[in-house]
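The next block holds one structure in the form of structure tokens; read it before the comments.
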2 protein chains.
Amino acid sequence: MSDRSGLIGLDLGGTNIKYGVCLPDGTIIDEFIRQTNKDAPAEVILNDLESAARQALDVARQKGIAIQTIGVGTPGSVDVGRGYLKGSTPNFKSWKDVPIKEILERTLQLPVYVDNDANVMAFGEYRFGAGRGYQTIISITLGTGIGGGIILNGKLFRGHNFAGGELGHMSISYRGRKCRCGGTGCWELYASATSMLENFRRWSKGREASSTREIVDLYEQGDPVARRVIETEVAMVAVGVASIINIFNPEIFIIGGGVSEAGDWFIDMIRQRVQQSAMEQSLLGVKIVRAELGNKAGWLGAAAFAREEWLNHLNAENTRLLT
Amino acid sequence: MSDRSGLIGLDLGGTNIKYGVCLPDGTIIDEFIRQTNKDAPAEVILNDLESAARQALDVARQKGIAIQTIGVGTPGSVDVGRGYLKGSTPNFKSWKDVPIKEILERTLQLPVYVDNDANVMAFGEYRFGAGRGYQTIISITLGTGIGGGIILNGKLFRGHNFAGGELGHMSISYRGRKCRCGGTGCWELYASATSMLENFRRWSKGREASSTREIVDLYEQGDPVARRVIETEVAMVAVGVASIINIFNPEIFIIGGGVSEAGDWFIDMIRQRVQQSAMEQSLLGVKIVRAELGNKAGWLGAAAFAREEWLNHLNAENTRLLT
């Protein structure tokens, strides 16, 4: 029996590493999660990634699947050509200046490709989720911050130096709060999951919500504080979405993150607000939808992205050899 | 004597039509300006464009220059494939739904290509000005509003539906002033030439400045109101520039419009503010410079853009015929 070919994706986050084995068409064979040692030195995190990949390789072998490539999504800005993590991210201090591709290729003996986590999530939705069939896509994830992914003409747009796409650090309030990034009034200070939890705590005078899902549940039960939090969230998300639509005039705008899974009413409310504020021409025909892959978007996208990079590499090699 | 080939560019603005004849390398042969009949029906404006083009054609003929193409820059969103002006712009009410290319090609019997005015200005700087040699370029013009042009990998990025690039309508104040576009707190309400003139009037309690250049002159003479206006302008421009750098991570950011011609100190002040607020990784290596072509950028860019579109069209035709 001939082996089927498959892919491994690893999505390194501040809390967990999510990873799994899938087929090239996105069919999930198996998936896993383990805690991130985010305060450990980079070597420990690299070891964890390697060990996760080995676990996935074992599973693939048992199921007769030959792994072609391994894709990694990581916070921070990544030099994709070298698979090198350049920038640090706040909250993840030791994790910078890491030659991820070089080290994992040496230990795992397979082609490894690395990109920013928000980029691979966008790529996952593009290949297997809400973005299937579209070519000009903006994707955001409402999480600890706001991650942004930009796909133009079917390709990830990363900026000149791999450091673009920071949609969460667009200022929506020039006199607003200072952000860890150095900016003022960054969008993610007002519209991330973190800001929802903070608003809930503040406005309920001390009551805590453990997750945005809890706030969503309370909202659906008619809780007035949850209502205020959700309405604020909708307004703040819509401000940024409208700006980005005026800038990019995309085909589709995908909104992900826990709160987006609330139900269609959340996206409907955002869509309504955006319709009141984005420019008529820029908004024309733009679909605003919720993400479909949930927290699988990262590892699935990393897997798909790595395969595509690898195929591009092979094609380039063939062209070089033939000419 | 064999004819040299040349190009015509027309830059339709709310106040003037600027136009001229140039060579493919951007050498200016002659240039002109006439008033825009902005309150007249679209037919009158089309006639004015045609008459301007005929004047330029006469000049070219006298100088032994054979015109290849005519490029037009216009306010509003343009379906570039059809050369069709789709959207109206505020302050230019009759000028919408105009098949500019179709009509001018019929009357002028030459290939005509049409794009948005901010786009052709960006293209002008890219081909002949501050953007020469760069591939990922953001250009803004501080004028009545803020026009934005985005060049990615050497090509104008217009969005899916030709309605992107509206950088002036990115909100920098979610609780700010209402904009004519329907949005709230749009950047151009705080950082355009218009806002400088308004601030000057307000803060000087009735003294008028006829242009931003006058405010610049007063600033250089030490006028305290002009100083406040300029410092505010620098801060407000920098807020948006930082956001756009975080989003696009361009190679170069070009700032045009009357006030940018003030002197290097203006761009220096903006650069300094941006360095304090943009993300370290996104800002790395980004050049922030002033535009070089002044108010010639529009017509020169329209001329260059039209030639490039025409050559692409010829190449596509050749490929079609050969296969």
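Order determines the names: the first chain of the structure tokens is A, the second B, and so forth; residues in each chain are numbered 1 upward, and ligands are numbered 1 upward as they are shown.
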
Please tabulate, as a tab-separated table, the residues of chain B that come within 8 Å of chain A, each with its closest pair of atoms and the distance in Å to one decimal, counting only C-alpha atoms and ordering rows by chain, then residue number upward.
residue	atom	partner	partner_atom	distance
B:Ser77	CA	A:Gln281	CA	7.4
B:Gly87	CA	A:Gln281	CA	6.5
B:Thr136	CA	A:His160	CA	6.5
B:Arg158	CA	A:Phe248	CA	7.4
B:Gly159	CA	A:Asn249	CA	4.6
B:His160	CA	A:Pro250	CA	5.3
B:Asn161	CA	A:Asn249	CA	6.6
B:Phe162	CA	A:Asn249	CA	7.5
B:Ala163	CA	A:Ser282	CA	4.7
B:Gly164	CA	A:Asn249	CA	4.5
B:Gly165	CA	A:Ile247	CA	4.5
B:Glu166	CA	A:Ile247	CA	5.0
B:Leu167	CA	A:Ile247	CA	5.6
B:His169	CA	A:Ser243	CA	6.5
B:Met170	CA	A:Ser243	CA	4.4
B:Ser171	CA	A:Ile172	CA	5.8
B:Ile172	CA	A:Ile172	CA	4.3
B:Ser173	CA	A:Ser173	CA	4.3
B:Tyr174	CA	A:Ile172	CA	5.8
B:Arg175	CA	A:Ser173	CA	7.9
B:Cys181	CA	A:Met279	CA	5.8
B:Gly182	CA	A:Ser277	CA	5.0
B:Gly183	CA	A:Ser277	CA	4.2
B:Thr184	CA	A:Ser277	CA	7.0
B:Met236	CA	A:Tyr174	CA	7.8
B:Val239	CA	A:Tyr174	CA	6.6
B:Gly240	CA	A:Ser171	CA	7.5
B:Ala242	CA	A:Met170	CA	7.8
B:Ser243	CA	A:Met170	CA	4.4
B:Ile244	CA	A:Met170	CA	7.2
B:Ile245	CA	A:Gly164	CA	7.2
B:Asn246	CA	A:Glu166	CA	5.2
B:Ile247	CA	A:Gly165	CA	4.5
B:Phe248	CA	A:Gly164	CA	4.6
B:Asn249	CA	A:Gly164	CA	4.5
B:Pro250	CA	A:His160	CA	5.4
B:Glu251	CA	A:His160	CA	5.9
B:Gln276	CA	A:Gly182	CA	6.6
B:Ser277	CA	A:Gly183	CA	4.2
B:Ala278	CA	A:Gly183	CA	6.0
B:Met279	CA	A:Cys181	CA	5.8
B:Glu280	CA	A:Cys181	CA	7.9
B:Gln281	CA	A:Ala163	CA	5.8
B:Ser282	CA	A:Ala163	CA	4.7
B:Leu284	CA	A:Asn161	CA	7.8

TODO: Check the DSSP output for the backbone and give back, as number ranges by chain, the residues of segment 209-318 of chain A in strand (DSSP E).
DONE: A: 252-256, 287-290

Could you write out that same residue set with C-alpha atoms as a PDB file, in the first residue's frame?
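Final output, selection24.pdb:
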ATOM      1  CA  ILE A 252     -13.828  39.461   2.411  1.00  0.00           C
ATOM      2  CA  PHE A 253     -13.123  40.452   6.011  1.00  0.00           C
ATOM      3  CA  ILE A 254     -12.822  37.499   8.384  1.00  0.00           C
ATOM      4  CA  ILE A 255     -13.219  37.990  12.129  1.00  0.00           C
ATOM      5  CA  GLY A 256     -11.967  35.285  14.470  1.00  0.00           C
ATOM      6  CA  LYS A 287     -18.257  40.307   2.854  1.00  0.00           C
ATOM      7  CA  ILE A 288     -17.803  40.498   6.631  1.00  0.00           C
ATOM      8  CA  VAL A 289     -17.879  37.000   8.074  1.00  0.00           C
ATOM      9  CA  ARG A 290     -16.707  35.060  11.055  1.00  0.00           C
TER      10      ARG A 290
END

Task: Residue neighbourhood segment 65-68 of chain B, 7 Å, only C-alpha atoms, exclusion window fewer than 2 positions, as a count of residues only - done: 9

Open item on the list: What's around Gly9 of chain A at 7 Å? Count only C-alpha atoms, leave out sequence neighbours fewer than 6 positions away in its own chain, and write the answer as a ChimeraX atom specification.
Closed with: /A:19-21,70-72,299-300,302-303

Open item on the list: Considering only C-alpha atoms, can you say which of B:Trp95, B:Phe123, B:Tyr219, B:Trp203 comes closest to Trp265 of chain B?
Closed with: B:Tyr219

Open item on the list: I need the residue nearest Gly64 of chain A from this list: A:Gly81, A:Ile45, A:Leu23, A:Phe266. Use only C-alpha atoms for the distance.
Closed with: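 Selected residue with least distance to Gly64 of chain A: A:Leu23.
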
List the neighbours of Arg227 of chain B out to 9 Å using only C-alpha atoms; skip same-chain residues closer than 6 positions along the sequence, and give me the result as a PDB file with C-alpha atoms, in the first residue's frame.
ATOM      1  CA  ILE B 215       1.457  79.318   7.870  1.00  0.00           C
ATOM      2  CA  VAL B 216       4.873  77.829   7.205  1.00  0.00           C
ATOM      3  CA  LEU B 218       4.766  82.605   9.786  1.00  0.00           C
ATOM      4  CA  TYR B 219       6.168  79.603  11.657  1.00  0.00           C
ATOM      5  CA  GLU B 220       9.629  80.336  10.326  1.00  0.00           C
TER       6      GLU B 220
END

Open item on the list: Which residues are close to Lys18 of chain B, i.e. within 7 Å by only C-alpha atoms, leaving aside same-chain residues fewer than 2 positions away? Reply as a list in words.
Closed with: Leu10, Asp11, Leu12, Asn16, Phe32, Ile33, Arg34 and Trp299 of chain B

Restrict the selected residues to N, CA and C atoms and save them as a short mmCIF file (atom, residue, chain, number, x, y, z; two decimals), in the first residue's frame.
data_model
loop_
_atom_site.label_atom_id
_atom_site.label_comp_id
_atom_site.auth_asym_id
_atom_site.auth_seq_id
_atom_site.Cartn_x
_atom_site.Cartn_y
_atom_site.Cartn_z
N LEU B 10 -2.94 64.18 -17.76
CA LEU B 10 -3.93 65.17 -17.34
C LEU B 10 -4.30 64.87 -15.89
N ASP B 11 -4.22 65.87 -15.04
CA ASP B 11 -4.53 65.69 -13.62
C ASP B 11 -5.70 66.60 -13.28
N LEU B 12 -6.88 65.98 -13.20
CA LEU B 12 -8.09 66.75 -12.90
C LEU B 12 -8.23 66.92 -11.39
N ASN B 16 -8.03 72.94 -10.32
CA ASN B 16 -7.38 73.08 -11.63
C ASN B 16 -7.26 71.75 -12.35
N PHE B 32 0.91 72.84 -18.53
CA PHE B 32 -0.13 73.85 -18.55
C PHE B 32 -1.04 73.68 -17.34
N ILE B 33 -1.88 74.68 -17.17
CA ILE B 33 -2.87 74.60 -16.10
C ILE B 33 -4.09 75.38 -16.54
N ARG B 34 -5.25 74.85 -16.22
CA ARG B 34 -6.48 75.64 -16.45
C ARG B 34 -7.47 75.34 -15.33
N TRP B 299 0.07 64.80 -13.01
CA TRP B 299 0.02 64.62 -14.47
C TRP B 299 1.16 63.76 -14.98
#

Task: Shell around Gly257 of chain A at 8 Å using only C-alpha atoms, local window under 3 positions removed, as a list in words - done: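 Contacts, in chain order: Thr141, Leu142, Gly143, Ser260, Glu261, Ala291, Gly294 and Asn295 of chain A.
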
Please dump the current selection as a PDB file, in the first residue's frame; keep N, CA and C atoms.
ATOM      1  N   THR A 141      -7.988  38.450  14.427  1.00  0.00           N
ATOM      2  CA  THR A 141      -8.330  37.576  15.534  1.00  0.00           C
ATOM      3  C   THR A 141      -8.394  38.400  16.803  1.00  0.00           C
ATOM      4  N   LEU A 142      -9.553  38.379  17.440  1.00  0.00           N
ATOM      5  CA  LEU A 142      -9.738  39.123  18.678  1.00  0.00           C
ATOM      6  C   LEU A 142      -9.299  38.226  19.826  1.00  0.00           C
ATOM      7  N   GLY A 143      -8.071  38.382  20.262  1.00  0.00           N
ATOM      8  CA  GLY A 143      -7.545  37.552  21.333  1.00  0.00           C
ATOM      9  C   GLY A 143      -6.920  38.434  22.403  1.00  0.00           C
ATOM     10  N   SER A 260     -16.008  35.800  18.510  1.00  0.00           N
ATOM     11  CA  SER A 260     -16.638  35.734  17.187  1.00  0.00           C
ATOM     12  C   SER A 260     -17.426  34.445  17.020  1.00  0.00           C
ATOM     13  N   GLU A 261     -17.128  33.473  17.892  1.00  0.00           N
ATOM     14  CA  GLU A 261     -17.867  32.209  17.815  1.00  0.00           C
ATOM     15  C   GLU A 261     -19.206  32.293  18.550  1.00  0.00           C
ATOM     16  N   ALA A 291     -14.701  33.779  11.282  1.00  0.00           N
ATOM     17  CA  ALA A 291     -13.759  32.713  10.957  1.00  0.00           C
ATOM     18  C   ALA A 291     -14.453  31.367  11.123  1.00  0.00           C
ATOM     19  N   GLY A 294     -11.880  28.305  13.908  1.00  0.00           N
ATOM     20  CA  GLY A 294     -11.641  28.463  15.341  1.00  0.00           C
ATOM     21  C   GLY A 294     -10.162  28.392  15.647  1.00  0.00           C
ATOM     22  N   ASN A 295      -9.825  27.722  16.753  1.00  0.00           N
ATOM     23  CA  ASN A 295      -8.414  27.708  17.135  1.00  0.00           C
ATOM     24  C   ASN A 295      -7.579  26.678  16.372  1.00  0.00           C
TER      25      ASN A 295
END

- [ ] Run DSSP on the backbone of this structure and report the residues of segment 93-176 of chain B it assigns to helix (DSSP H, G or I), as a ChimeraX atom specification.
- [x] /B:100-108,117-128,167-169

Task: Point-to-point distance in Å for atom CA of Arg320 of chain B and atom CA of Ala316 of chain A - done: 25.2 Å

- [ ] Report the distance between atom CA of Ala262 of chain A and atom CA of Asp217 of chain A in Å, rounded to one decimal place.
- [x]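 These atoms are spaced 8.3 Å apart.
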